[in-house]
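Peer 1: Coordinates in my_file_27.cif, mmCIF, C-alpha atoms and all ligand atoms, are listed below.
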```cif
data_final
#
loop_
_atom_site.group_PDB
_atom_site.id
_atom_site.type_symbol
_atom_site.label_atom_id
_atom_site.label_comp_id
_atom_site.auth_asym_id
_atom_site.auth_seq_id
_atom_site.Cartn_x
_atom_site.Cartn_y
_atom_site.Cartn_z
ATOM 1 C CA MET A 17 -95.411 217.534 17.920
ATOM 2 C CA ARG A 18 -91.948 217.030 19.367
ATOM 3 C CA ASN A 19 -90.263 217.489 16.038
ATOM 4 C CA ASP A 20 -87.089 219.294 17.089
ATOM 5 C CA LEU A 21 -84.229 216.829 17.053
ATOM 6 C CA THR A 22 -81.195 217.333 19.248
ATOM 7 C CA GLN A 23 -77.656 216.621 18.075
ATOM 8 C CA ASP A 24 -77.637 213.717 20.551
ATOM 9 C CA GLN A 25 -80.730 212.171 18.987
ATOM 10 C CA ILE A 26 -79.239 212.490 15.513
ATOM 11 C CA ALA A 27 -75.983 210.936 16.737
ATOM 12 C CA GLN A 28 -77.888 208.101 18.414
ATOM 13 C CA TYR A 29 -79.839 207.381 15.205
ATOM 14 C CA ARG A 30 -76.646 207.375 13.131
ATOM 15 C CA HIS A 31 -75.007 205.008 15.628
ATOM 16 C CA ASP A 32 -77.865 202.566 16.237
ATOM 17 C CA GLY A 33 -79.894 202.849 13.021
ATOM 18 C CA PHE A 34 -83.079 203.691 14.937
ATOM 19 C CA LEU A 35 -84.396 206.289 17.366
ATOM 20 C CA VAL A 36 -87.452 206.284 19.648
ATOM 21 C CA ILE A 37 -89.177 209.585 20.448
ATOM 22 C CA GLU A 38 -91.565 209.374 23.397
ATOM 23 C CA ASN A 39 -94.714 211.499 23.417
ATOM 24 C CA PHE A 40 -94.105 212.611 19.854
ATOM 25 C CA LEU A 41 -97.720 213.632 19.208
ATOM 26 C CA SER A 42 -99.880 215.730 21.513
ATOM 27 C CA ALA A 43 -103.214 214.239 22.606
ATOM 28 C CA GLU A 44 -105.025 216.359 19.981
ATOM 29 C CA GLU A 45 -102.624 215.351 17.228
ATOM 30 C CA LEU A 46 -102.973 211.689 18.149
ATOM 31 C CA GLU A 47 -106.734 212.020 17.906
ATOM 32 C CA PHE A 48 -106.384 213.648 14.465
ATOM 33 C CA TRP A 49 -104.077 210.862 13.204
ATOM 34 C CA ARG A 50 -106.496 208.216 14.504
ATOM 35 C CA THR A 51 -109.449 209.876 12.822
ATOM 36 C CA ALA A 52 -107.471 210.241 9.608
ATOM 37 C CA LEU A 53 -106.635 206.537 9.748
ATOM 38 C CA SER A 54 -110.165 205.320 10.332
ATOM 39 C CA GLU A 55 -111.595 207.590 7.620
ATOM 40 C CA ALA A 56 -108.914 206.532 5.162
ATOM 41 C CA ILE A 57 -109.399 202.826 5.861
ATOM 42 C CA GLU A 58 -113.137 203.049 5.429
ATOM 43 C CA LYS A 59 -112.646 204.272 1.870
ATOM 44 C CA ARG A 60 -110.206 201.526 0.953
ATOM 45 C CA ASN A 61 -112.449 198.463 0.640
ATOM 46 C CA GLY A 62 -109.663 196.210 1.785
ATOM 47 C CA ASN A 63 -107.319 197.191 -1.077
ATOM 48 C CA LYS A 64 -103.661 197.565 -0.144
ATOM 49 C CA MET A 65 -103.007 200.294 -2.691
ATOM 50 C CA PRO A 66 -105.199 203.211 -3.882
ATOM 51 C CA ASP A 67 -105.625 201.601 -7.291
ATOM 52 C CA ARG A 68 -104.976 197.915 -6.800
ATOM 53 C CA LYS A 69 -105.233 195.038 -4.367
ATOM 54 C CA GLU A 70 -101.560 194.154 -3.998
ATOM 55 C CA VAL A 71 -98.069 195.627 -4.074
ATOM 56 C CA TYR A 72 -95.788 194.357 -6.826
ATOM 57 C CA GLY A 73 -92.597 192.485 -6.136
ATOM 58 C CA LYS A 74 -93.310 191.876 -2.472
ATOM 59 C CA GLY A 75 -91.236 188.766 -2.586
ATOM 60 C CA ASP A 76 -92.743 187.755 0.756
ATOM 61 C CA ALA A 77 -94.995 185.191 1.682
ATOM 62 C CA ASP A 78 -94.401 181.727 0.807
ATOM 63 C CA ASP A 79 -97.831 181.452 2.408
ATOM 64 C CA LYS A 80 -100.300 184.273 1.781
ATOM 65 C CA SER A 81 -102.705 183.380 4.562
ATOM 66 C CA TYR A 82 -99.830 183.569 7.045
ATOM 67 C CA TYR A 83 -98.633 186.955 5.740
ATOM 68 C CA ASP A 84 -102.183 188.344 5.643
ATOM 69 C CA ASN A 85 -102.344 187.723 9.365
ATOM 70 C CA VAL A 86 -99.044 189.458 10.183
ATOM 71 C CA PHE A 87 -100.753 192.809 9.761
ATOM 72 C CA ASP A 88 -103.278 194.652 7.636
ATOM 73 C CA GLN A 89 -101.142 196.730 5.340
ATOM 74 C CA LEU A 90 -102.698 199.758 3.648
ATOM 75 C CA ILE A 91 -100.392 201.793 1.461
ATOM 76 C CA ASN A 92 -100.592 205.422 0.317
ATOM 77 C CA LEU A 93 -103.605 206.383 2.348
ATOM 78 C CA TRP A 94 -102.466 210.010 1.862
ATOM 79 C CA VAL A 95 -103.472 209.735 -1.781
ATOM 80 C CA ASP A 96 -107.133 209.221 -1.045
ATOM 81 C CA ASN A 97 -107.830 211.006 2.232
ATOM 82 C CA ASP A 98 -107.333 214.721 2.924
ATOM 83 C CA LYS A 99 -106.665 214.372 6.644
ATOM 84 C CA MET A 100 -104.048 211.719 5.987
ATOM 85 C CA LYS A 101 -102.563 213.925 3.270
ATOM 86 C CA GLN A 102 -102.154 216.687 5.862
ATOM 87 C CA VAL A 103 -100.513 214.206 8.255
ATOM 88 C CA ILE A 104 -98.110 212.628 5.769
ATOM 89 C CA LEU A 105 -97.069 215.660 3.717
ATOM 90 C CA ASP A 106 -96.153 217.598 6.886
ATOM 91 C CA GLU A 107 -92.843 219.363 6.227
ATOM 92 C CA ARG A 108 -91.835 218.896 9.883
ATOM 93 C CA LEU A 109 -91.735 215.123 9.409
ATOM 94 C CA GLY A 110 -89.734 215.595 6.225
ATOM 95 C CA LYS A 111 -87.220 217.773 8.033
ATOM 96 C CA MET A 112 -86.727 215.169 10.768
ATOM 97 C CA ALA A 113 -86.235 212.415 8.197
ATOM 98 C CA ALA A 114 -83.779 214.566 6.232
ATOM 99 C CA GLN A 115 -81.794 215.488 9.352
ATOM 100 C CA LEU A 116 -81.535 211.877 10.490
ATOM 101 C CA ALA A 117 -80.604 210.627 7.024
ATOM 102 C CA GLY A 118 -78.192 213.498 6.504
ATOM 103 C CA VAL A 119 -79.710 214.581 3.180
ATOM 104 C CA GLN A 120 -80.846 217.917 1.769
ATOM 105 C CA GLY A 121 -84.191 216.874 0.315
ATOM 106 C CA ILE A 122 -86.622 214.130 1.236
ATOM 107 C CA ARG A 123 -89.556 212.604 -0.667
ATOM 108 C CA VAL A 124 -92.385 210.439 0.571
ATOM 109 C CA TRP A 125 -91.798 206.970 -0.858
ATOM 110 C CA HIS A 126 -95.035 205.590 0.524
ATOM 111 C CA ASP A 127 -97.067 205.752 3.670
ATOM 112 C CA GLN A 128 -98.368 202.572 5.210
ATOM 113 C CA ALA A 129 -100.803 201.732 7.999
ATOM 114 C CA LEU A 130 -99.682 198.544 9.752
ATOM 115 C CA ILE A 131 -102.417 197.113 11.901
ATOM 116 C CA LYS A 132 -101.840 194.021 13.925
ATOM 117 C CA LYS A 133 -105.253 192.567 14.513
ATOM 118 C CA PRO A 134 -106.062 190.465 17.567
ATOM 119 C CA TRP A 135 -103.852 187.341 17.579
ATOM 120 C CA ALA A 136 -101.781 188.539 14.607
ATOM 121 C CA ASN A 137 -98.617 186.664 13.641
ATOM 122 C CA PRO A 138 -95.222 188.150 14.463
ATOM 123 C CA THR A 139 -93.374 190.307 11.916
ATOM 124 C CA SER A 140 -90.224 188.313 11.129
ATOM 125 C CA TRP A 141 -86.873 190.039 11.194
ATOM 126 C CA HIS A 142 -86.388 191.856 7.899
ATOM 127 C CA LEU A 143 -85.017 194.903 6.072
ATOM 128 C CA ASP A 144 -87.158 197.463 4.228
ATOM 129 C CA THR A 145 -85.003 199.193 1.628
ATOM 130 C CA PRO A 146 -84.569 196.073 -0.570
ATOM 131 C CA TYR A 147 -88.337 196.178 -1.335
ATOM 132 C CA TRP A 148 -88.170 199.687 -2.742
ATOM 133 C CA SER A 149 -87.558 200.954 -6.274
ATOM 134 C CA PHE A 150 -84.358 202.794 -5.371
ATOM 135 C CA SER A 151 -81.266 201.613 -3.494
ATOM 136 C CA ASP A 152 -80.116 204.316 -1.118
ATOM 137 C CA ARG A 153 -78.535 203.268 2.155
ATOM 138 C CA ARG A 154 -79.884 206.401 3.856
ATOM 139 C CA ALA A 155 -83.588 205.624 3.229
ATOM 140 C CA LEU A 156 -85.651 205.395 6.405
ATOM 141 C CA SER A 157 -89.141 205.202 7.912
ATOM 142 C CA ILE A 158 -91.128 206.727 10.706
ATOM 143 C CA TRP A 159 -93.410 204.397 12.711
ATOM 144 C CA VAL A 160 -96.011 206.127 14.884
ATOM 145 C CA ALA A 161 -97.885 204.136 17.536
ATOM 146 C CA LEU A 162 -101.609 204.920 17.375
ATOM 147 C CA ASP A 163 -102.312 202.409 20.160
ATOM 148 C CA ASP A 164 -99.945 201.564 22.981
ATOM 149 C CA ALA A 165 -97.473 199.125 21.423
ATOM 150 C CA THR A 166 -96.531 196.622 24.120
ATOM 151 C CA TYR A 167 -94.644 193.365 24.569
ATOM 152 C CA GLU A 168 -98.075 191.720 24.576
ATOM 153 C CA ASN A 169 -99.527 193.172 21.377
ATOM 154 C CA GLY A 170 -96.534 193.393 19.042
ATOM 155 C CA CYS A 171 -94.091 196.216 19.732
ATOM 156 C CA LEU A 172 -91.109 196.674 17.415
ATOM 157 C CA PHE A 173 -87.628 195.241 17.995
ATOM 158 C CA PHE A 174 -84.383 196.409 16.415
ATOM 159 C CA ILE A 175 -80.856 195.042 16.088
ATOM 160 C CA PRO A 176 -78.677 198.060 16.948
ATOM 161 C CA GLU A 177 -75.927 199.024 14.503
ATOM 162 C CA SER A 178 -76.978 196.344 12.018
ATOM 163 C CA TYR A 179 -77.589 198.868 9.221
ATOM 164 C CA HIS A 180 -73.888 199.608 8.944
ATOM 165 C CA LYS A 181 -73.268 196.073 7.711
ATOM 166 C CA THR A 182 -76.423 194.783 6.007
ATOM 167 C CA THR A 183 -76.693 194.712 2.216
ATOM 168 C CA PHE A 184 -79.700 194.499 -0.096
ATOM 169 C CA ASP A 185 -80.132 190.764 0.527
ATOM 170 C CA ASN A 186 -83.407 190.260 2.367
ATOM 171 C CA PRO A 187 -85.327 187.149 3.361
ATOM 172 C CA GLY A 188 -88.688 188.974 3.209
ATOM 173 C CA ILE A 189 -91.303 188.633 5.920
ATOM 174 C CA GLY A 190 -91.846 184.913 5.882
ATOM 175 C CA LYS A 191 -92.820 182.368 8.493
ATOM 176 C CA ASN A 192 -89.326 181.856 9.778
ATOM 177 C CA MET A 193 -88.516 184.544 12.354
ATOM 178 C CA GLY A 194 -84.781 183.942 12.196
ATOM 179 C CA ALA A 195 -84.325 183.548 8.420
ATOM 180 C CA ILE A 196 -82.347 186.790 8.181
ATOM 181 C CA PHE A 197 -79.589 185.359 10.341
ATOM 182 C CA THR A 198 -78.663 182.830 7.675
ATOM 183 C CA ILE A 199 -77.980 185.833 5.395
ATOM 184 C CA TYR A 200 -76.280 187.857 8.152
ATOM 185 C CA PRO A 201 -74.747 185.281 10.517
ATOM 186 C CA GLU A 202 -72.698 188.014 12.192
ATOM 187 C CA PHE A 203 -75.897 189.177 13.924
ATOM 188 C CA LYS A 204 -76.988 185.749 15.157
ATOM 189 C CA THR A 205 -75.654 186.532 18.616
ATOM 190 C CA ALA A 206 -76.540 190.246 18.671
ATOM 191 C CA GLN A 207 -78.799 191.591 21.413
ATOM 192 C CA SER A 208 -82.069 193.006 20.134
ATOM 193 C CA VAL A 209 -83.684 196.095 21.622
ATOM 194 C CA ALA A 210 -87.439 196.243 22.198
ATOM 195 C CA ALA A 211 -89.302 199.473 21.559
ATOM 196 C CA PRO A 212 -92.536 199.413 23.534
ATOM 197 C CA MET A 213 -94.277 202.756 23.019
ATOM 198 C CA LYS A 214 -97.217 204.680 24.365
ATOM 199 C CA ALA A 215 -99.735 205.738 21.735
ATOM 200 C CA GLY A 216 -98.453 208.949 20.149
ATOM 201 C CA SER A 217 -94.781 207.998 20.502
ATOM 202 C CA CYS A 218 -92.771 207.175 17.399
ATOM 203 C CA SER A 219 -89.590 205.652 16.122
ATOM 204 C CA PHE A 220 -87.467 206.219 13.052
ATOM 205 C CA HIS A 221 -85.463 203.355 11.611
ATOM 206 C CA ASN A 222 -83.052 203.082 8.736
ATOM 207 C CA GLY A 223 -84.441 200.718 6.060
ATOM 208 C CA LEU A 224 -81.369 198.499 6.396
ATOM 209 C CA THR A 225 -81.692 198.095 10.182
ATOM 210 C CA ILE A 226 -82.738 194.548 11.033
ATOM 211 C CA HIS A 227 -86.158 194.872 12.684
ATOM 212 C CA GLY A 228 -89.282 192.877 13.480
ATOM 213 C CA ALA A 229 -92.201 192.662 15.893
ATOM 214 C CA HIS A 230 -93.868 190.334 18.317
ATOM 215 C CA ALA A 231 -97.104 188.508 17.669
ATOM 216 C CA ASN A 232 -100.242 190.134 19.019
ATOM 217 C CA MET A 233 -101.126 187.990 22.014
ATOM 218 C CA THR A 234 -104.119 190.157 22.909
ATOM 219 C CA PRO A 235 -107.711 190.556 21.691
ATOM 220 C CA GLY A 236 -107.044 194.249 20.927
ATOM 221 C CA PHE A 237 -105.602 196.089 17.928
ATOM 222 C CA ARG A 238 -102.053 197.429 17.558
ATOM 223 C CA ARG A 239 -102.352 200.230 15.036
ATOM 224 C CA ALA A 240 -99.323 202.036 13.617
ATOM 225 C CA MET A 241 -99.045 204.690 10.922
ATOM 226 C CA THR A 242 -95.763 204.700 9.086
ATOM 227 C CA CYS A 243 -94.089 206.478 6.213
ATOM 228 C CA ALA A 244 -91.056 205.505 4.164
ATOM 229 C CA TYR A 245 -88.808 208.303 2.940
ATOM 230 C CA MET A 246 -86.616 208.487 -0.156
ATOM 231 C CA PRO A 247 -83.666 210.890 -0.346
ATOM 232 C CA ASP A 248 -84.270 213.350 -3.188
ATOM 233 C CA GLY A 249 -82.231 212.408 -6.252
ATOM 234 C CA SER A 250 -82.584 208.640 -5.772
ATOM 235 C CA THR A 251 -82.654 206.633 -8.977
ATOM 236 C CA PHE A 252 -84.787 203.742 -10.275
ATOM 237 C CA ASN A 253 -83.298 200.293 -9.618
ATOM 238 C CA GLY A 254 -85.717 198.158 -11.660
ATOM 239 C CA ILE A 255 -87.980 197.044 -8.778
ATOM 240 C CA GLN A 256 -91.665 197.863 -9.297
ATOM 241 C CA ASN A 257 -92.924 197.994 -5.678
ATOM 242 C CA ILE A 258 -95.507 200.834 -5.557
ATOM 243 C CA LEU A 259 -94.883 202.076 -9.102
ATOM 244 C CA LYS A 260 -97.673 201.752 -11.650
ATOM 245 C CA ASP A 261 -97.332 199.797 -14.888
ATOM 246 C CA ASP A 262 -97.214 203.156 -16.753
ATOM 247 C CA ASP A 263 -94.318 204.344 -14.604
ATOM 248 C CA ILE A 264 -92.453 201.128 -15.248
ATOM 249 C CA ALA A 265 -92.977 201.424 -19.000
ATOM 250 C CA ARG A 266 -91.524 204.929 -18.915
ATOM 251 C CA LEU A 267 -88.621 204.462 -16.486
ATOM 252 C CA LYS A 268 -85.144 203.168 -17.246
ATOM 253 C CA ILE A 269 -82.792 201.919 -14.568
ATOM 254 C CA GLY A 270 -80.801 204.931 -13.369
ATOM 255 C CA ASP A 271 -83.571 207.498 -14.001
ATOM 256 C CA VAL A 272 -84.154 209.915 -11.134
ATOM 257 C CA LEU A 273 -87.442 209.224 -9.298
ATOM 258 C CA LYS A 274 -89.012 212.667 -9.181
ATOM 259 C CA ASN A 275 -92.724 212.191 -9.839
ATOM 260 C CA ASN A 276 -94.217 214.776 -7.489
ATOM 261 C CA GLU A 277 -97.666 213.216 -7.729
ATOM 262 C CA LEU A 278 -96.504 209.905 -6.312
ATOM 263 C CA ASN A 279 -93.401 210.926 -4.364
ATOM 264 C CA PRO A 280 -93.808 214.509 -3.199
ATOM 265 C CA LEU A 281 -90.740 216.417 -2.044
ATOM 266 C CA ILE A 282 -91.892 217.343 1.467
ATOM 267 C CA TYR A 283 -88.702 218.951 2.684
ATOM 268 C CA GLN A 284 -85.784 220.703 1.058
ATOM 269 C CA ALA A 285 -83.044 222.358 3.120
ATOM 270 C CA VAL A 286 -82.434 225.929 2.016
HETATM 271 O O1 LIG B 1 -95.373 197.099 12.461
HETATM 272 C C1 LIG B 1 -94.734 196.050 12.288
HETATM 273 O O2 LIG B 1 -95.065 194.969 12.778
HETATM 274 C C2 LIG B 1 -93.509 196.067 11.442
HETATM 275 C C3 LIG B 1 -93.119 197.439 11.015
HETATM 276 C C4 LIG B 1 -92.089 197.469 9.973
HETATM 277 O O3 LIG B 1 -91.531 196.490 9.580
HETATM 278 C C5 LIG B 1 -91.739 198.768 9.386
HETATM 279 O O4 LIG B 1 -92.336 199.804 9.744
HETATM 280 O O5 LIG B 1 -90.825 198.799 8.554
HETATM 281 FE FE FE B 2 -90.098 196.903 8.081
#
```
Take the structure in the file and give it back as structure tokens.
Ligand SMILES: O=C(O)CCC(=O)C(=O)O
Ligand SMILES: [Fe+2]
Peer 2:
Amino acid sequence: MRNDLTQDQIAQYRHDGFLVIENFLSAEELEFWRTALSEAIEKRNGNKMPDRKEVYGKGDADDKSYYDNVFDQLINLWVDNDKMKQVILDERLGKMAAQLAGVQGIRVWHDQALIKKPWANPTSWHLDTPYWSFSDRRALSIWVALDDATYENGCLFFIPESYHKTTFDNPGIGKNMGAIFTIYPEFKTAQSVAAPMKAGSCSFHNGLTIHGAHANMTPGFRRAMTCAYMPDGSTFNGIQNILKDDDIARLKIGDVLKNNELNPLIYQAV
């Protein structure tokens, strides 16, 4: 795993709001991640979450059948598969996320397999952090290509530097690719950057970076394994997202999110 970040890579991430790392996983590691994914999916029975069908407060999808064909989205696979647990709770990933975000401690918010099936719809431009139950501008995700992600099958695109200016207003992932530009007209004329990646490469992006993906114009699959990270010490903002009804009953806005069962602290700088 090419997990040692240079000062240049950190500076590039802080400038652009995303960073691509080619050949992140070795061939053996890629094979392990793929096996972990297929085992974990098999156990899931089509449910998005370990204990329920849907995520709360998605706020997407004016049209469910459209959104269901953007990607298959399976969340918190680490909770019910040991191989995936090993992959996701890896301290090395936590350290990278913490270094990029510039924080001391990092927790897993949730993992998420994003699988564009053959002929899948595009992923409209959107932000991530506004979906989550905490509002920290430093929150970020890793996105690891488990198949080659190409222009043809739905590679990611980013709007560089957008995260410096975006807020928590988000159009969600609807049918209208350009909806976000009515909220952020200043980026209407910005140049996007494509991130085609070989399988085993990865990117990190800040959750407030405007990003999206092409449709899958091929009969093959575009599998990605991702994980969203929460800076340690983040507080509850009232959004349910992946939290259980019990959590919601217990939490007050402003409480620190520190449930190690759901959001393990995978890295803490000493
Ligand atoms: O995989 C995709 O199509 C979109 C990925 C994405 O939005 C994310 O990882 O935050
Ligand atoms: Fe996203």
Peer 1: Kindly assemble as JSON lines a list of the chain A residues that lie within 9 Å of ligand LIG 1 (chain B), each paired with its nearest atom pair and their distance in Å to one decimal, using all atoms listed in the file, sorted first by chain and then by ascending residue number.
Peer 2:
```
{"residue": "A:Val86", "atom": "CA", "partner": "B:LIG1", "partner_atom": "O2", "distance": 7.3}
{"residue": "A:Phe87", "atom": "CA", "partner": "B:LIG1", "partner_atom": "O2", "distance": 6.8}
{"residue": "A:Gln128", "atom": "CA", "partner": "B:LIG1", "partner_atom": "O4", "distance": 8.0}
{"residue": "A:Ala129", "atom": "CA", "partner": "B:LIG1", "partner_atom": "O1", "distance": 8.4}
{"residue": "A:Leu130", "atom": "CA", "partner": "B:LIG1", "partner_atom": "O1", "distance": 5.3}
{"residue": "A:Ile131", "atom": "CA", "partner": "B:LIG1", "partner_atom": "O1", "distance": 7.1}
{"residue": "A:Lys132", "atom": "CA", "partner": "B:LIG1", "partner_atom": "O2", "distance": 6.9}
{"residue": "A:Pro138", "atom": "CA", "partner": "B:LIG1", "partner_atom": "O2", "distance": 7.0}
{"residue": "A:Thr139", "atom": "CA", "partner": "B:LIG1", "partner_atom": "O2", "distance": 5.0}
{"residue": "A:Ser140", "atom": "CA", "partner": "B:LIG1", "partner_atom": "O2", "distance": 8.4}
{"residue": "A:Trp141", "atom": "CA", "partner": "B:LIG1", "partner_atom": "O3", "distance": 8.1}
{"residue": "A:His142", "atom": "CA", "partner": "B:LIG1", "partner_atom": "O3", "distance": 7.1}
{"residue": "A:Leu143", "atom": "CA", "partner": "B:LIG1", "partner_atom": "O5", "distance": 7.4}
{"residue": "A:Asp144", "atom": "CA", "partner": "B:LIG1", "partner_atom": "O5", "distance": 5.8}
{"residue": "A:Leu156", "atom": "CA", "partner": "B:LIG1", "partner_atom": "O5", "distance": 8.7}
{"residue": "A:Ser157", "atom": "CA", "partner": "B:LIG1", "partner_atom": "O4", "distance": 6.5}
{"residue": "A:Ile158", "atom": "CA", "partner": "B:LIG1", "partner_atom": "O4", "distance": 7.1}
{"residue": "A:Trp159", "atom": "CA", "partner": "B:LIG1", "partner_atom": "O4", "distance": 5.6}
{"residue": "A:Val160", "atom": "CA", "partner": "B:LIG1", "partner_atom": "O4", "distance": 8.9}
{"residue": "A:Gly170", "atom": "CA", "partner": "B:LIG1", "partner_atom": "O2", "distance": 6.6}
{"residue": "A:Cys171", "atom": "CA", "partner": "B:LIG1", "partner_atom": "O2", "distance": 7.1}
{"residue": "A:Leu172", "atom": "CA", "partner": "B:LIG1", "partner_atom": "C1", "distance": 6.3}
{"residue": "A:Phe173", "atom": "CA", "partner": "B:LIG1", "partner_atom": "C2", "distance": 8.8}
{"residue": "A:Ile189", "atom": "CA", "partner": "B:LIG1", "partner_atom": "O3", "distance": 8.7}
{"residue": "A:Phe220", "atom": "CA", "partner": "B:LIG1", "partner_atom": "O4", "distance": 8.7}
{"residue": "A:His221", "atom": "CA", "partner": "B:LIG1", "partner_atom": "O5", "distance": 7.7}
{"residue": "A:Asn222", "atom": "CA", "partner": "B:LIG1", "partner_atom": "O5", "distance": 8.9}
{"residue": "A:Gly223", "atom": "CA", "partner": "B:LIG1", "partner_atom": "O5", "distance": 7.1}
{"residue": "A:His227", "atom": "CA", "partner": "B:LIG1", "partner_atom": "O3", "distance": 6.4}
{"residue": "A:Gly228", "atom": "CA", "partner": "B:LIG1", "partner_atom": "C2", "distance": 5.7}
{"residue": "A:Ala229", "atom": "CA", "partner": "B:LIG1", "partner_atom": "O2", "distance": 4.8}
{"residue": "A:His230", "atom": "CA", "partner": "B:LIG1", "partner_atom": "O2", "distance": 7.3}
{"residue": "A:Ala231", "atom": "CA", "partner": "B:LIG1", "partner_atom": "O2", "distance": 8.4}
{"residue": "A:Arg238", "atom": "CA", "partner": "B:LIG1", "partner_atom": "O1", "distance": 8.4}
{"residue": "A:Arg239", "atom": "CA", "partner": "B:LIG1", "partner_atom": "O1", "distance": 8.1}
{"residue": "A:Ala240", "atom": "CA", "partner": "B:LIG1", "partner_atom": "O1", "distance": 6.4}
{"residue": "A:Met241", "atom": "CA", "partner": "B:LIG1", "partner_atom": "O4", "distance": 8.4}
{"residue": "A:Thr242", "atom": "CA", "partner": "B:LIG1", "partner_atom": "O4", "distance": 6.0}
{"residue": "A:Cys243", "atom": "CA", "partner": "B:LIG1", "partner_atom": "O4", "distance": 7.8}
{"residue": "A:Ala244", "atom": "CA", "partner": "B:LIG1", "partner_atom": "O5", "distance": 8.0}
```
Peer 1: Write out, as a PDB file, in the frame of the given file, the residues just selected, with C-alpha atoms.
Peer 2:
```
ATOM      1  CA  VAL A  86     -99.044 189.458  10.183  1.00  0.00           C
ATOM      2  CA  PHE A  87    -100.753 192.809   9.761  1.00  0.00           C
ATOM      3  CA  GLN A 128     -98.368 202.572   5.210  1.00  0.00           C
ATOM      4  CA  ALA A 129    -100.803 201.732   7.999  1.00  0.00           C
ATOM      5  CA  LEU A 130     -99.682 198.544   9.752  1.00  0.00           C
ATOM      6  CA  ILE A 131    -102.417 197.113  11.901  1.00  0.00           C
ATOM      7  CA  LYS A 132    -101.840 194.021  13.925  1.00  0.00           C
ATOM      8  CA  PRO A 138     -95.222 188.150  14.463  1.00  0.00           C
ATOM      9  CA  THR A 139     -93.374 190.307  11.916  1.00  0.00           C
ATOM     10  CA  SER A 140     -90.224 188.313  11.129  1.00  0.00           C
ATOM     11  CA  TRP A 141     -86.873 190.039  11.194  1.00  0.00           C
ATOM     12  CA  HIS A 142     -86.388 191.856   7.899  1.00  0.00           C
ATOM     13  CA  LEU A 143     -85.017 194.903   6.072  1.00  0.00           C
ATOM     14  CA  ASP A 144     -87.158 197.463   4.228  1.00  0.00           C
ATOM     15  CA  LEU A 156     -85.651 205.395   6.405  1.00  0.00           C
ATOM     16  CA  SER A 157     -89.141 205.202   7.912  1.00  0.00           C
ATOM     17  CA  ILE A 158     -91.128 206.727  10.706  1.00  0.00           C
ATOM     18  CA  TRP A 159     -93.410 204.397  12.711  1.00  0.00           C
ATOM     19  CA  VAL A 160     -96.011 206.127  14.884  1.00  0.00           C
ATOM     20  CA  GLY A 170     -96.534 193.393  19.042  1.00  0.00           C
ATOM     21  CA  CYS A 171     -94.091 196.216  19.732  1.00  0.00           C
ATOM     22  CA  LEU A 172     -91.109 196.674  17.415  1.00  0.00           C
ATOM     23  CA  PHE A 173     -87.628 195.241  17.995  1.00  0.00           C
ATOM     24  CA  ILE A 189     -91.303 188.633   5.920  1.00  0.00           C
ATOM     25  CA  PHE A 220     -87.467 206.219  13.052  1.00  0.00           C
ATOM     26  CA  HIS A 221     -85.463 203.355  11.611  1.00  0.00           C
ATOM     27  CA  ASN A 222     -83.052 203.082   8.736  1.00  0.00           C
ATOM     28  CA  GLY A 223     -84.441 200.718   6.060  1.00  0.00           C
ATOM     29  CA  HIS A 227     -86.158 194.872  12.684  1.00  0.00           C
ATOM     30  CA  GLY A 228     -89.282 192.877  13.480  1.00  0.00           C
ATOM     31  CA  ALA A 229     -92.201 192.662  15.893  1.00  0.00           C
ATOM     32  CA  HIS A 230     -93.868 190.334  18.317  1.00  0.00           C
ATOM     33  CA  ALA A 231     -97.104 188.508  17.669  1.00  0.00           C
ATOM     34  CA  ARG A 238    -102.053 197.429  17.558  1.00  0.00           C
ATOM     35  CA  ARG A 239    -102.352 200.230  15.036  1.00  0.00           C
ATOM     36  CA  ALA A 240     -99.323 202.036  13.617  1.00  0.00           C
ATOM     37  CA  MET A 241     -99.045 204.690  10.922  1.00  0.00           C
ATOM     38  CA  THR A 242     -95.763 204.700   9.086  1.00  0.00           C
ATOM     39  CA  CYS A 243     -94.089 206.478   6.213  1.00  0.00           C
ATOM     40  CA  ALA A 244     -91.056 205.505   4.164  1.00  0.00           C
TER      41      ALA A 244
END
```
Peer 1: Closest to Met100 (chain A) among A:Val124, A:Ile282, A:Ile175, A:Ala52, using only C-alpha atoms?
Peer 2: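 The shortest atom-to-atom distance to Met100 (chain A) comes from A:Ala52.
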Peer 1: Starting from the displayed file, determine the output of the PyMOL selection byres (((chain A and resi 34) around 12) and not hetatm) and express the residue list as a VMD selection string.
Peer 2: chain A and resid 25 to 33 35 to 37 113 116 to 117 154 to 159 172 to 180 208 to 211 218 to 227
Peer 1: Within 10 Å of Pro247 (chain A), counting only C-alpha atoms, which residues qualify if same-chain residues fewer than 5 places away don't, as a list in words?
Peer 2: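 The contact residues come out as Ala113, Ala114, Ala117, Gly118, Val119, Gln120, Gly121, Ile122, Arg123, Val124, Trp125, Phe150, Asp152, Arg153, Arg154, Ala155, Leu156, Leu273, Leu281 and Tyr283 of chain A.
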Peer 1: In Å, how far is it from CA of Asn61 (chain A) to CA of Ala43 (chain A)?
Peer 2: 28.6 Å
Peer 1: Restricting the calculation to only C-alpha atoms, which member of A:Leu259, A:Gln102, A:Gly236, A:Thr183 is positioned closest to Pro66 (chain A)?
Peer 2: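 The answer is A:Leu259, which sits nearest to Pro66 (chain A).
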Peer 1: Find the spatial neighbours of Trp49 (chain A), counting only C-alpha atoms, within a cut-off of 8 Å - ignore same-chain residues fewer than 3 positions away - and output them as a PyMOL selection string.
Peer 2: chain A and resi 45-46+52-53+99-100+103+162
Peer 1: Could you name the residues that touch Asn232 (chain A) at 7 Å or less, counting all atoms listed in the file, but leaving out those on the same chain fewer than 4 positions away, as a list in words?
Peer 2: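 That gives Lys132, Pro134, Trp135, Ala136, Asn137, Glu168, Asn169 and Gly170 of chain A.
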